[in-house]
Structure formats: C-alpha cells, structure tokens
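Enquirer: Sharing run.cif here; it has mmCIF, C-alpha atoms and all ligand atoms.
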data_input
#
loop_
_atom_site.label_atom_id
_atom_site.label_comp_id
_atom_site.auth_asym_id
_atom_site.auth_seq_id
_atom_site.Cartn_x
_atom_site.Cartn_y
_atom_site.Cartn_z
CA MET A 1 113.78 105.57 147.04
CA ARG A 2 111.43 107.22 144.59
CA ILE A 3 113.37 108.59 141.64
CA ARG A 4 112.20 111.94 140.51
CA SER A 5 113.59 113.79 137.58
CA THR A 6 112.45 117.34 137.42
CA MET A 7 111.87 118.98 134.26
CA ALA A 8 109.37 119.89 135.55
CA ASP A 9 106.73 121.69 136.99
CA GLU A 10 108.28 124.86 135.61
CA VAL A 11 107.91 123.82 132.03
CA VAL A 12 104.81 125.47 130.76
CA ASP A 13 102.87 125.06 127.57
CA GLY A 14 105.09 123.50 125.02
CA GLY A 15 108.14 123.33 127.19
CA ALA A 16 110.05 125.57 124.86
CA ALA A 17 110.51 128.00 127.69
CA ALA A 18 114.06 127.66 128.90
CA VAL A 19 114.54 125.64 132.03
CA SER A 20 118.04 126.00 133.31
CA ALA A 21 119.93 122.90 134.27
CA GLU A 22 120.38 124.33 137.76
CA SER A 23 116.74 125.08 138.31
CA ALA A 24 115.82 121.62 137.16
CA MET A 25 118.48 119.63 139.00
CA PRO A 26 117.31 116.11 139.74
CA LEU A 27 116.53 115.35 143.33
CA ALA A 28 117.89 111.83 143.23
CA GLU A 29 121.54 111.85 144.25
CA SER A 30 122.14 108.78 142.11
CA TRP A 31 122.24 110.85 138.95
CA SER A 32 125.58 112.03 137.74
CA SER A 33 125.45 115.75 137.11
CA ALA A 34 126.80 115.72 133.55
CA ALA A 35 124.40 113.05 132.40
CA SER A 36 121.48 114.60 134.19
CA CYS A 37 122.15 118.07 132.75
CA ASP A 38 122.15 116.61 129.31
CA ILE A 39 118.91 114.78 129.94
CA ILE A 40 117.26 117.81 131.47
CA LYS A 41 118.09 119.92 128.43
CA ARG A 42 116.44 117.36 126.22
CA MET A 43 113.48 117.15 128.52
CA ALA A 44 113.04 120.88 128.33
CA ALA A 45 112.33 120.40 124.65
CA THR A 46 109.45 118.06 125.42
CA ARG A 47 106.01 119.25 126.38
CA SER A 48 105.07 117.23 129.44
CA SER A 49 104.21 119.46 132.32
CA HIS A 50 105.14 117.29 135.26
CA ALA A 51 108.11 115.30 136.39
CA PHE A 52 109.00 111.75 135.53
CA GLN A 53 108.84 109.64 138.65
CA THR A 54 109.19 105.94 139.29
CA ASP A 55 109.76 103.49 142.07
CA ASP A 56 111.00 100.93 139.59
CA ARG A 57 114.73 101.37 139.05
CA ARG A 58 114.62 99.13 135.97
CA LEU A 59 112.84 101.96 134.18
CA THR A 60 115.61 104.52 134.65
CA PRO A 61 117.88 103.33 131.80
CA ILE A 62 114.83 103.07 129.56
CA TYR A 63 113.85 106.61 130.45
CA GLU A 64 117.33 107.78 129.52
CA LYS A 65 117.11 106.04 126.16
CA VAL A 66 113.68 107.50 125.47
CA LEU A 67 114.88 111.00 126.22
CA ALA A 68 117.91 110.53 124.04
CA GLY A 69 115.74 109.22 121.21
CA ARG A 70 117.59 105.92 121.30
CA ARG A 71 116.02 102.67 120.20
CA LEU A 72 114.70 100.31 122.86
CA ALA A 73 115.90 96.71 122.90
CA ALA A 74 113.88 93.55 123.45
CA ASP A 75 114.82 93.51 127.14
CA ASP A 76 113.59 97.07 127.54
CA ALA A 77 110.28 96.17 125.96
CA LEU A 78 109.92 93.20 128.31
CA THR A 79 110.61 95.42 131.29
CA LEU A 80 107.93 97.84 130.13
CA TYR A 81 105.40 95.02 129.96
CA ARG A 82 106.42 93.69 133.38
CA THR A 83 106.63 96.83 135.44
CA GLY A 84 103.67 97.79 137.55
CA ASP A 85 104.42 101.48 137.11
CA ILE A 86 101.94 102.26 134.36
CA LEU A 87 102.22 105.98 135.00
CA ALA A 88 105.96 105.99 134.39
CA VAL A 89 105.53 103.98 131.19
CA GLY A 90 102.75 106.35 130.18
CA TRP A 91 104.89 109.39 130.93
CA MET A 92 107.57 108.15 128.56
CA ALA A 93 105.10 107.18 125.84
CA ASN A 94 103.34 110.52 126.17
CA SER A 95 106.61 112.41 125.86
CA VAL A 96 107.36 110.58 122.60
CA ARG A 97 103.82 111.16 121.37
CA GLU A 98 104.03 114.87 122.11
CA ARG A 99 107.48 115.12 120.55
CA MET A 100 106.05 113.63 117.35
CA HIS A 101 102.57 115.14 117.21
CA GLY A 102 102.14 117.72 119.95
CA ASP A 103 98.44 117.74 120.84
CA LYS A 104 97.29 116.70 117.39
CA THR A 105 94.95 113.73 117.49
CA TYR A 106 93.76 112.23 114.27
CA PHE A 107 90.48 110.64 113.27
CA ASN A 108 88.71 110.03 110.02
CA VAL A 109 85.20 109.69 108.73
CA ASN A 110 85.02 106.20 107.37
CA ARG A 111 82.66 103.36 106.68
CA HIS A 112 83.32 99.67 107.14
CA ILE A 113 82.17 97.28 104.45
CA ASN A 114 82.40 93.55 105.17
CA PRO A 115 81.33 91.95 101.88
CA THR A 116 81.08 88.42 103.28
CA ASN A 117 81.46 86.58 106.54
CA VAL A 118 81.79 83.21 104.81
CA CYS A 119 85.23 81.85 105.56
CA VAL A 120 87.13 78.64 104.95
CA ALA A 121 89.36 79.25 107.94
CA ALA A 122 88.12 78.46 111.40
CA CYS A 123 90.22 80.72 113.56
CA ARG A 124 89.55 80.15 117.24
CA LEU A 125 89.90 83.87 117.83
CA CYS A 126 86.99 84.68 115.54
CA ALA A 127 83.26 85.17 116.07
CA PHE A 128 82.69 86.65 112.65
CA GLY A 129 83.49 83.94 110.10
CA ARG A 130 80.86 81.33 109.17
CA LYS A 131 80.84 78.23 107.04
CA LYS A 132 78.91 78.72 103.83
CA ASP A 133 75.70 77.04 104.97
CA ALA A 134 75.82 78.06 108.61
CA PRO A 135 73.08 80.25 110.10
CA GLY A 136 73.97 83.91 109.76
CA ALA A 137 76.30 83.39 106.79
CA TYR A 138 75.99 86.17 104.22
CA THR A 139 77.63 87.34 101.03
CA MET A 140 76.77 90.66 99.46
CA ALA A 141 75.97 90.83 95.79
CA LEU A 142 77.98 93.63 94.22
CA ASP A 143 74.95 95.92 94.04
CA GLU A 144 74.28 95.26 97.70
CA ALA A 145 77.86 96.22 98.56
CA PHE A 146 77.48 99.45 96.56
CA GLU A 147 74.22 100.23 98.36
CA THR A 148 75.87 99.54 101.71
CA ALA A 149 78.65 101.94 100.78
CA ALA A 150 76.15 104.61 99.84
CA SER A 151 74.10 104.16 103.00
CA GLY A 152 76.91 105.42 105.18
CA TYR A 153 77.68 108.30 102.91
CA SER A 154 75.65 110.97 104.64
CA GLU A 155 78.69 112.29 106.53
CA ALA A 156 80.79 112.37 103.38
CA VAL A 157 83.15 109.56 104.29
CA THR A 158 86.69 109.78 103.01
CA GLU A 159 87.50 106.07 103.42
CA PHE A 160 85.92 102.68 102.86
CA HIS A 161 87.54 100.05 105.08
CA ILE A 162 86.86 96.71 103.40
CA VAL A 163 87.65 93.33 104.96
CA GLY A 164 85.85 90.02 105.09
CA GLY A 165 86.07 86.24 105.25
CA LEU A 166 87.99 83.88 102.95
CA HIS A 167 85.14 82.80 100.73
CA PRO A 168 85.63 79.42 99.03
CA ASP A 169 83.68 80.28 95.87
CA LEU A 170 83.84 84.01 95.18
CA PRO A 171 86.17 84.55 92.23
CA PHE A 172 88.99 87.07 92.32
CA GLN A 173 87.05 89.03 89.72
CA TYR A 174 84.32 89.74 92.34
CA PHE A 175 86.84 91.66 94.42
CA LEU A 176 88.26 93.50 91.43
CA ASP A 177 84.73 94.47 90.37
CA LEU A 178 83.87 95.49 93.91
CA CYS A 179 86.81 97.89 94.04
CA SER A 180 86.44 99.28 90.54
CA GLY A 181 82.68 99.69 91.08
CA LEU A 182 83.24 101.58 94.32
CA LYS A 183 85.86 103.79 92.70
CA GLN A 184 83.53 104.55 89.83
CA ARG A 185 80.68 105.51 92.17
CA PHE A 186 82.75 107.24 94.86
CA PRO A 187 85.92 108.42 93.10
CA GLN A 188 87.06 110.64 95.95
CA VAL A 189 86.82 107.94 98.63
CA HIS A 190 90.02 106.10 99.57
CA LEU A 191 89.74 102.31 99.40
CA LYS A 192 91.61 100.67 102.27
CA ALA A 193 90.91 97.09 101.42
CA PHE A 194 91.85 93.49 102.25
CA THR A 195 94.15 92.18 104.93
CA MET A 196 97.40 90.42 104.05
CA VAL A 197 95.55 87.19 104.86
CA GLU A 198 92.86 87.94 102.27
CA VAL A 199 95.44 88.99 99.69
CA ALA A 200 97.37 85.73 100.15
CA TYR A 201 94.14 83.73 99.89
CA LEU A 202 93.00 85.58 96.76
CA SER A 203 96.38 84.96 95.15
CA LYS A 204 95.91 81.23 95.65
CA ARG A 205 92.38 81.30 94.30
CA ALA A 206 93.47 83.34 91.27
CA LYS A 207 96.66 81.30 90.81
CA LEU A 208 98.68 84.49 90.76
CA SER A 209 101.75 85.51 92.70
CA ILE A 210 101.17 87.78 95.68
CA ARG A 211 102.77 90.64 93.80
CA GLU A 212 100.51 90.14 90.76
CA THR A 213 97.48 89.92 93.02
CA LEU A 214 98.40 93.15 94.71
CA GLU A 215 99.06 94.84 91.40
CA GLN A 216 95.66 93.85 90.05
CA LEU A 217 93.94 95.01 93.23
CA LYS A 218 95.78 98.31 93.00
CA ALA A 219 94.78 98.70 89.35
CA SER A 220 91.14 98.09 90.30
CA GLY A 221 91.18 100.94 92.82
CA VAL A 222 92.70 99.72 96.08
CA ASP A 223 94.63 102.64 97.59
CA SER A 224 96.07 101.04 100.72
CA LEU A 225 95.72 98.00 102.96
CA PRO A 226 94.44 97.70 106.50
CA GLY A 227 96.66 95.90 108.97
CA GLY A 228 94.46 93.02 110.09
CA GLY A 229 95.28 89.35 110.28
CA ALA A 230 98.68 89.88 111.87
CA GLU A 231 97.37 88.64 115.24
CA ILE A 232 100.57 87.46 116.97
CA PHE A 233 103.38 86.29 114.73
CA ALA A 234 104.76 83.58 117.05
CA ASP A 235 103.98 80.12 115.63
CA ARG A 236 103.12 78.66 119.03
CA VAL A 237 100.34 81.19 119.49
CA ARG A 238 99.19 81.15 115.89
CA HIS A 239 98.67 77.39 116.06
CA ILE A 240 96.24 77.94 118.90
CA ILE A 241 94.32 80.99 117.75
CA CYS A 242 94.41 80.93 113.94
CA ASP A 243 95.95 77.73 112.68
CA HIS A 244 94.54 78.04 109.17
CA LYS A 245 95.85 81.48 108.40
CA ILE A 246 99.09 82.36 106.68
CA ASP A 247 101.97 82.33 109.14
CA GLY A 248 103.71 85.40 110.50
CA ASP A 249 106.49 85.36 107.91
CA GLN A 250 103.96 85.22 105.07
CA TRP A 251 102.04 88.12 106.58
CA LEU A 252 105.22 90.17 106.74
CA GLU A 253 106.26 89.17 103.22
CA THR A 254 102.86 90.20 101.84
CA ALA A 255 103.09 93.54 103.60
CA LYS A 256 106.58 94.03 102.21
CA LEU A 257 105.39 93.37 98.65
CA ALA A 258 102.48 95.77 99.11
CA HIS A 259 104.85 98.48 100.28
CA GLN A 260 107.21 97.77 97.38
CA ILE A 261 104.47 98.44 94.83
CA GLY A 262 103.51 101.66 96.55
CA LEU A 263 100.60 100.58 98.73
CA LYS A 264 100.83 101.83 102.29
CA SER A 265 99.40 99.64 105.02
CA ASN A 266 98.71 99.54 108.71
CA ALA A 267 99.75 96.79 111.10
CA THR A 268 97.87 95.24 114.00
CA MET A 269 98.51 92.98 116.93
CA LEU A 270 95.77 91.00 118.67
CA TYR A 271 96.63 90.82 122.35
CA GLY A 272 95.04 89.54 125.53
CA HIS A 273 94.51 85.84 124.76
CA VAL A 274 97.17 83.11 125.04
CA GLU A 275 100.23 85.13 124.12
CA ASN A 276 102.90 86.08 126.63
CA ASP A 277 105.10 89.14 126.98
CA GLU A 278 107.87 87.62 124.86
CA ASP A 279 105.40 86.95 122.02
CA ARG A 280 104.25 90.57 122.09
CA VAL A 281 107.82 91.85 122.03
CA ASP A 282 108.71 89.52 119.17
CA HIS A 283 105.71 90.83 117.23
CA LEU A 284 106.62 94.46 117.74
CA LEU A 285 110.27 93.95 116.84
CA LYS A 286 109.41 92.12 113.62
CA LEU A 287 107.17 94.99 112.57
CA ARG A 288 109.83 97.52 113.47
CA ALA A 289 112.42 95.64 111.40
CA LEU A 290 110.16 95.57 108.35
CA GLN A 291 109.35 99.24 108.76
CA ASP A 292 113.09 99.99 108.76
CA GLU A 293 113.25 98.25 105.42
CA THR A 294 110.15 99.58 103.64
CA GLY A 295 108.79 102.57 105.55
CA GLY A 296 105.37 101.45 104.31
CA PHE A 297 103.48 101.22 107.58
CA GLN A 298 101.45 104.21 108.62
CA THR A 299 99.83 103.18 111.85
CA PHE A 300 100.09 100.47 114.45
CA ILE A 301 96.81 99.32 115.94
CA PRO A 302 96.84 97.12 119.03
CA LEU A 303 93.58 95.16 119.07
CA ALA A 304 92.17 93.92 122.36
CA PHE A 305 90.93 90.33 122.11
CA HIS A 306 87.17 89.93 122.51
CA PRO A 307 86.46 86.32 123.50
CA ASP A 308 82.64 86.25 123.43
CA ASN A 309 81.13 83.83 120.92
CA THR A 310 84.55 82.43 119.99
CA PRO A 311 85.95 78.99 120.88
CA LEU A 312 88.20 80.89 123.32
CA GLN A 313 85.33 82.43 125.24
CA HIS A 314 86.59 80.88 128.48
CA LEU A 315 89.39 83.45 128.43
CA PRO A 316 88.89 86.69 130.35
CA LYS A 317 88.60 90.01 128.54
CA THR A 318 91.50 92.40 128.59
CA THR A 319 91.71 94.87 131.46
CA GLY A 320 91.95 98.64 131.19
CA MET A 321 95.49 98.45 132.54
CA LEU A 322 96.60 96.07 129.82
CA ASP A 323 94.87 98.09 127.10
CA ILE A 324 96.58 101.28 128.17
CA LYS A 325 99.94 99.65 128.72
CA GLN A 326 99.80 98.07 125.28
CA ILE A 327 99.31 101.47 123.69
CA ALA A 328 102.20 102.94 125.66
CA VAL A 329 104.63 100.08 124.98
CA SER A 330 103.75 100.19 121.28
CA ARG A 331 104.55 103.91 121.13
CA LEU A 332 107.88 103.38 122.84
CA VAL A 333 109.05 100.33 120.91
CA LEU A 334 107.78 101.24 117.44
CA ASP A 335 109.94 104.32 117.10
CA ASN A 336 109.67 104.24 113.31
CA PHE A 337 105.86 104.06 113.13
CA PRO A 338 104.35 107.51 112.62
CA HIS A 339 101.08 106.72 114.38
CA ILE A 340 99.66 104.61 117.19
CA LYS A 341 95.92 104.14 117.10
CA SER A 342 93.59 103.54 120.01
CA TYR A 343 90.75 101.77 118.26
CA TRP A 344 87.74 102.87 120.27
CA GLN A 345 85.52 100.10 118.94
CA MET A 346 87.63 97.47 120.66
CA MET A 347 88.88 99.20 123.77
CA THR A 348 85.82 101.40 124.41
CA ALA A 349 85.68 105.10 123.75
CA LYS A 350 86.63 105.88 127.36
CA ILE A 351 89.82 103.82 127.40
CA ALA A 352 90.70 105.05 123.91
CA GLN A 353 90.29 108.60 125.12
CA ILE A 354 92.56 108.07 128.14
CA SER A 355 95.14 106.42 125.92
CA LEU A 356 95.57 109.78 124.14
CA ARG A 357 97.70 110.62 127.20
CA PHE A 358 99.55 107.29 127.04
CA GLY A 359 101.03 107.38 123.55
CA ALA A 360 98.11 107.20 121.10
CA ASP A 361 97.66 109.97 118.55
CA ASP A 362 94.79 108.51 116.53
CA MET A 363 91.28 107.37 117.51
CA ASP A 364 90.31 105.71 114.24
CA GLY A 365 87.08 106.96 112.79
CA THR A 366 83.35 107.14 112.71
CA VAL A 367 83.41 103.52 111.48
CA ILE A 368 79.68 103.12 110.75
CA GLU A 369 78.45 99.58 111.09
CA GLU A 370 81.27 97.54 112.54
CA LYS A 371 80.50 93.81 112.47
CA ILE A 372 83.61 91.82 113.31
CA TYR A 373 84.15 92.83 116.95
CA HIS A 374 80.47 93.16 117.65
CA ASP A 375 79.98 89.51 116.74
CA ALA A 376 82.63 88.86 119.41
CA GLY A 377 80.75 90.76 122.07
CA ALA A 378 81.98 94.33 121.73
CA THR A 379 79.47 96.54 123.54
CA THR A 380 80.54 99.78 121.92
CA PRO A 381 78.16 101.52 119.48
CA GLN A 382 78.48 100.48 115.83
CA GLY A 383 79.48 103.95 114.81
CA MET A 384 80.16 107.38 116.21
CA ARG A 385 79.46 110.79 114.76
CA ARG A 386 82.29 113.13 113.94
CA GLU A 387 81.16 115.67 116.55
CA GLU A 388 81.31 113.03 119.28
CA LEU A 389 84.82 111.95 118.32
CA GLU A 390 85.92 115.57 118.37
CA ARG A 391 84.32 116.07 121.77
CA LEU A 392 86.16 113.08 123.24
CA ILE A 393 89.48 114.29 121.85
CA ARG A 394 89.00 117.85 123.12
CA ALA A 395 87.99 116.56 126.54
CA ALA A 396 91.36 114.80 126.69
CA GLY A 397 93.04 118.18 126.14
CA ARG A 398 94.01 117.33 122.59
CA GLU A 399 93.37 118.94 119.25
CA PRO A 400 91.16 116.92 116.89
CA ILE A 401 92.39 116.76 113.31
CA GLU A 402 90.23 115.11 110.73
CA ARG A 403 92.49 113.26 108.32
CA ASP A 404 92.11 111.11 105.27
CA THR A 405 93.61 107.61 105.20
CA LEU A 406 97.04 109.00 104.31
CA TYR A 407 96.93 111.51 107.19
CA ARG A 408 96.31 114.53 105.01
CA PRO A 409 94.14 117.11 106.76
CA VAL A 410 90.51 117.22 105.69
CA THR A 411 88.66 120.52 105.64
CA ARG A 412 84.87 120.56 105.74
CA THR A 413 82.47 123.33 105.04
CA GLU A 414 78.68 123.15 104.83
CA THR A 415 78.94 122.29 101.19
CA SER A 416 82.32 120.69 100.57
CA VAL A 417 84.96 118.31 101.86
CA THR A 418 88.54 119.03 100.84
CA VAL A 419 91.64 116.93 101.38
CA ALA A 420 94.91 118.85 101.55
CA VAL A 421 97.39 117.24 99.18
S1 LIG A 501 89.63 85.67 111.61
FE1 LIG A 501 89.36 86.02 109.40
S2 LIG A 501 90.31 84.25 108.45
FE2 LIG A 501 89.92 83.67 110.57
S3 LIG A 501 87.88 82.70 110.58
FE3 LIG A 501 87.58 84.88 111.02
S4 LIG A 501 87.13 85.80 109.05
FE4 LIG A 501 88.11 83.81 108.66
#
Now that the file is in, can you turn its structure into structure tokens?
Ligand code: SF4
Expert:
Amino acid sequence: MRIRSTMADEVVDGGAAAVSAESAMPLAESWSSAASCDIIKRMAATRSSHAFQTDDRRLTPIYEKVLAGRRLAADDALTLYRTGDILAVGWMANSVRERMHGDKTYFNVNRHINPTNVCVAACRLCAFGRKKDAPGAYTMALDEAFETAASGYSEAVTEFHIVGGLHPDLPFQYFLDLCSGLKQRFPQVHLKAFTMVEVAYLSKRAKLSIRETLEQLKASGVDSLPGGGAEIFADRVRHIICDHKIDGDQWLETAKLAHQIGLKSNATMLYGHVENDEDRVDHLLKLRALQDETGGFQTFIPLAFHPDNTPLQHLPKTTGMLDIKQIAVSRLVLDNFPHIKSYWQMMTAKIAQISLRFGADDMDGTVIEEKIYHDAGATTPQGMRREELERLIRAAGREPIERDTLYRPVTRTETSVTVAV
C-alpha cells in the first residue's frame, strides 16, 4: 500500500495558511488519529506544497521523527541510504531545508588559490599532488600568489579559498607571509585557508603544537578553515584512499582546536569510492557529535569522488542518484549543521541546482580557477559568474543570497560591495 500523508495540496505558499486536521486527514488507515493530527499540525508549519508519499514502510518512522524535529539514529541514516525512494528522502530533506532557510539559497564570490601542488603524501584519491621533481609540479613564489589573488579580483571577491599540497621544503613562515601579505593587499577579503591536514602537517614542520600553529595562522590573517581532507573517517577506507594523511580522530581534534580558538570551519566527506553505507553514517555521526560540542562548523560539503587520473581510476564515477541522495541524507542527519552545500564544481551545476530541492541551501561560489578536481577529470567550467549562479538558483524556484564566508549578506552596487555585520 502506498502511504500518503496529506498536508497537502491545500498548503499554499509558505504553508502558514491553516490546514485543519480534518481537511488534511491521512488516507492511510494505519495512522492513529491522535498521532496523525499532531503530525499534520506540524506539517502545516512547513512549506512543502505536496504530500509526503512512500512505498517504503521503513521510512514512516523516520518521517515522523523529521516532522517532530527529533534526531535521527544511525539505523535511520542507514535506511535512508538503502531505500530506493529518493523522492521520499528528498521530500523530508527539503522540508527541513525550508524550515531552516525557506527559499534562501546562498552563494559567494570567491577565488581559489592553490599555492603548491607539491605534496609528500601520495593519496590514491588524488590527481592534484605531485612529487617535487615530477612533471607539472609547481610552487608559487609569494609575489606570484599575490598576483594570482589579484587576477580574480575583477568581481570583487569576498573570499580567498586557499589549500594546497604538503610541501616538504616550504617553511611555515611562507604560509604566514602568504596570509599576512594577502591581508595587507586585500584587507576586506576573508581568508579561508588550509585544511586540517595541512594544519597538522605545518605544525610538525614548525615543531609547534596544533593549537600554536592555528594561533599563529590566525594572527597572520586566517579567518576560517575550509573543510577538506576529512575524506571518510573510517580507518579501513583511509588506509586505501589516503594512507599518509592524518587519521580521522586527528582531523576531528584539529577541527575542535580551531573552533576553540574562534576559527569557524566547514566539514567535507568524500564519497563514491570504496566506502560503504556504514562508513558514511559513521562519518556523519562523528561530525554531528563534534558539532554538538563546539558549534564551530558552518557548512557540510559532500564531495563526489572523481577517479580520473588517480590510482583509483578503475572505479566508476558517482551517479546523479547518489549525489542527490548524499545531499538529502546529509541534511537529515546533520541536524546541527546550519548549511548543506551542493558544490557545483564536483557534482555539475545541473545536479547542484536540482539538489536545492533535496536539502541543499548553498551552491558554493564563483570559484575562479579550480585546479584540484579538474586534475581529476571534472568537466565543469573553472569558474562561474555571479549572474549565472543567480540564474541557476532562480530557475530552481529559490532566492539567491550572496553571502560572505560567515553567511552575512553581501550588498553590491555599481561602485561598492558591503557586508552586513
Ligand atoms: S589529497 Fe592532499 S595530501 Fe593527499 S596527495 Fe593530494 S594534495 Fe597531497
């Protein structure tokens, strides 16, 4: 029997219009009337304009939890990954997304700077890192990095996103000078710099504790950290895809220290390689637990694995179904993360746009010159203009909001760019 809860078709534009319990009585006899009335009242406060339906009875208790704003357990998350009913999962994720953000969809105008691709690690997931003398290896002199920053400045970027390889020779001072030099030249631009993996590596090179390393980076101008390098926390998977990186616990500990000294960060998960559903759930739950403790994560970014030009290139690419489901499950499980990002560079602009109806509320940014995923075969453009991002968001029936890195609204006029503080 197909289960259909009606909140339904009567709920128009914002759902604030009263829908009486009687008029919205569920069709499925299996619902007890008291419980269903309660659920319907809560549903009336959500904005979705059509009924929740599913053929998969395992989703019904999850649906009830989602409506009640109750936390999902590991078993629930596994069920979400394993059901074939992507529309039901999407309905739930969308209802949470709309409860949190309405139609608002965030993007920013940013520029990526990858100062070096030289890396001592040899992660099997990676097509970007090179040994020092390998063809294609590069390291920017500081002036070159400053010029690169300036070259993407025509749209008045509000963020530099800075990540790179683990260089065996560059001193810690290079990174401090890079950040202070950027701050000096572009004082109004937010520096979102260095993954937890880079921070841990720099601390070793500088013979400093992680906390001291973070404090010095912060003093040099770093405003927040991106969420890369998390991959999948499970040791079994990490041994296969990125054996030379810090382990999952060290990644989480570094993030915790960053949050404790007042640096916000994002968090990522690389999916679609050798991990299984349990590994993904474990990853999400560990992030959720740390967020309970620190509240320092802003955004969760599921990253689709791109196998081209990596030692894992025999693996197939992720499918649209998996990409969309990953967004939806993330929104439902990470109830304490303010934002879920569909990173258009990795999942294509079209899938990222559709995911705005499956739980995502952020499409990342203009990016300008992305290298890491393009080395791994991403076929998306290396950047997108602000107008195009806005067009994609509007075409999904959402409201584009330009934000800065900390999600403060940005207002642009012909002559100025203002961040609301
Ligand atoms: S994923 Fe990062 S740490 Fe690993 S090889 Fe690539 S650049 Fe180096």
Enquirer: From the options A:Leu72, A:Val410, A:Val163, A:Leu225, which residue's atoms come nearest to Arg288 in chain A, counting all atoms listed in the file?
Expert: A:Leu72
Enquirer: Tell me which of A:Ile246, A:Leu290, A:Ile324, A:Ala395 sits closest to Gly90 in chain A, counting all atoms listed in the file.
Expert: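 For Gly90 in chain A, the nearest of the candidates is A:Ile324.
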Enquirer: Go through chain A and flag each residue having an atom no more than 6 Å from ligand LIG 501 (chain A); for those, report the closest pair of atoms plus their distance in Å to one decimal, using all atoms listed in the file, ordered by chain and rising number, as CSV.
Expert:
residue,atom,partner,partner_atom,distance
A:Cys119,CA,A:LIG501,FE4,4.7
A:Ala121,CA,A:LIG501,S3,4.6
A:Ala122,CA,A:LIG501,S3,4.3
A:Cys123,CA,A:LIG501,FE2,4.2
A:Cys126,CA,A:LIG501,FE3,4.6
A:Phe128,CA,A:LIG501,FE3,5.4
A:Gly129,CA,A:LIG501,S4,4.2
A:Gly164,CA,A:LIG501,S4,5.9
A:Gly165,CA,A:LIG501,S4,4.0
A:Leu166,CA,A:LIG501,FE4,5.7
Enquirer: Find the residue from A:Cys242, A:His161, A:Asn114, A:Leu178 that sits nearest to Leu142 in chain A; use all atoms listed in the file when measuring.
Expert: A:Leu178
Enquirer: Calculated over only C-alpha atoms, which of the candidates A:Gln260, A:Thr405, A:Thr60, A:Thr348 has the smallest distance to Val189 in chain A?
Expert: A:Thr405
Enquirer: From the list A:Ala145, A:Leu270, A:Ala258, A:Val222, which residue is nearest Leu125 in chain A when using all atoms listed in the file?
Expert: A:Leu270
Enquirer: Nearest to Met363 in chain A: which of A:Thr254, A:Thr299, A:Asn94, A:Gln313 is it, counting all atoms listed in the file?
Expert: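 Answer, going by the shortest atom-to-atom distance: A:Thr299.
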Enquirer: Quick one: pull the distance between CA of Asp361 in chain A and CA of His339 in chain A, Å, one decimal.
Expert: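 About the pair CA of Asp361 in chain A and CA of His339 in chain A: they are 6.3 Å apart.
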Enquirer: Just the number, please: distance in Å from CA of Lys65 in chain A to CA of Asp249 in chain A, one decimal.
Expert: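 Separation of CA of Lys65 in chain A and CA of Asp249 in chain A: 29.6 Å.
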Enquirer: Please indicate the distance in Å from CA of Leu80 in chain A to CA of Leu59 in chain A, rounded to one decimal place.
Expert: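 Rounded to one decimal, the two atoms are 7.6 Å apart.
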Enquirer: So which residues touch Ser330 in chain A within 12 Å, counting all atoms listed in the file, skipping near sequence neighbours fewer than 5 positions away, as number ranges by chain?
Expert: A: 72, 77-78, 80-81, 89-90, 92-94, 96-97, 267-269, 271, 280-285, 287-288, 299-303, 322-325, 335-342, 355, 358-361
Enquirer: Quick one: everything within 8 Å of Leu356 in chain A, counting only C-alpha atoms, minus sequence neighbours fewer than 5 positions away in the same chain. Send it as a PyMOL selection string.
Expert: chain A and resi 105+342+361-362+393+396+398
Enquirer: Neighbouring residues of Glu399 in chain A were defined as those with any atom within 9 Å, considering only C-alpha atoms; residues of the same chain fewer than 5 positions away were excluded. Please report them as a PyMOL selection string.
Expert: chain A and resi 102-106+390+393-394
Enquirer: Could you write range 296-307 of chain A as a CSV table (one decimal), in the coordinates of the input, with N, CA, C and O atoms rebuilt where they are missing?
Expert:
chain,number,residue,atom,x,y,z
A,296,GLY,N,106.7,101.5,104.9
A,296,GLY,CA,105.4,101.4,104.3
A,296,GLY,C,104.2,101.4,105.3
A,296,GLY,O,103.1,101.5,104.9
A,297,PHE,N,104.6,101.2,106.6
A,297,PHE,CA,103.5,101.2,107.6
A,297,PHE,C,103.2,102.6,108.0
A,297,PHE,O,104.1,103.4,108.3
A,298,GLN,N,101.9,102.9,108.1
A,298,GLN,CA,101.4,104.2,108.6
A,298,GLN,C,101.1,104.2,110.1
A,298,GLN,O,101.6,105.0,110.9
A,299,THR,N,100.4,103.2,110.5
A,299,THR,CA,99.8,103.2,111.8
A,299,THR,C,99.9,101.8,112.5
A,299,THR,O,99.6,100.8,111.8
A,300,PHE,N,100.2,101.7,113.7
A,300,PHE,CA,100.1,100.5,114.4
A,300,PHE,C,98.8,100.5,115.3
A,300,PHE,O,98.5,101.5,116.0
A,301,ILE,N,98.1,99.4,115.2
A,301,ILE,CA,96.8,99.3,115.9
A,301,ILE,C,96.8,98.1,116.8
A,301,ILE,O,96.6,97.0,116.4
A,302,PRO,N,97.0,98.3,118.1
A,302,PRO,CA,96.8,97.1,119.0
A,302,PRO,C,95.4,96.8,119.2
A,302,PRO,O,94.6,97.7,119.5
A,303,LEU,N,95.0,95.6,119.0
A,303,LEU,CA,93.6,95.2,119.1
A,303,LEU,C,93.4,94.3,120.3
A,303,LEU,O,94.0,93.2,120.4
A,304,ALA,N,92.5,94.7,121.2
A,304,ALA,CA,92.2,93.9,122.4
A,304,ALA,C,91.3,92.7,122.0
A,304,ALA,O,90.3,92.9,121.2
A,305,PHE,N,91.7,91.5,122.4
A,305,PHE,CA,90.9,90.3,122.1
A,305,PHE,C,89.6,90.4,122.8
A,305,PHE,O,89.4,90.6,124.0
A,306,HIS,N,88.5,90.1,122.0
A,306,HIS,CA,87.2,89.9,122.5
A,306,HIS,C,86.8,88.5,122.4
A,306,HIS,O,86.6,87.9,121.3
A,307,PRO,N,86.7,87.8,123.6
A,307,PRO,CA,86.5,86.3,123.5
A,307,PRO,C,85.0,85.9,123.3
A,307,PRO,O,84.8,84.7,122.9
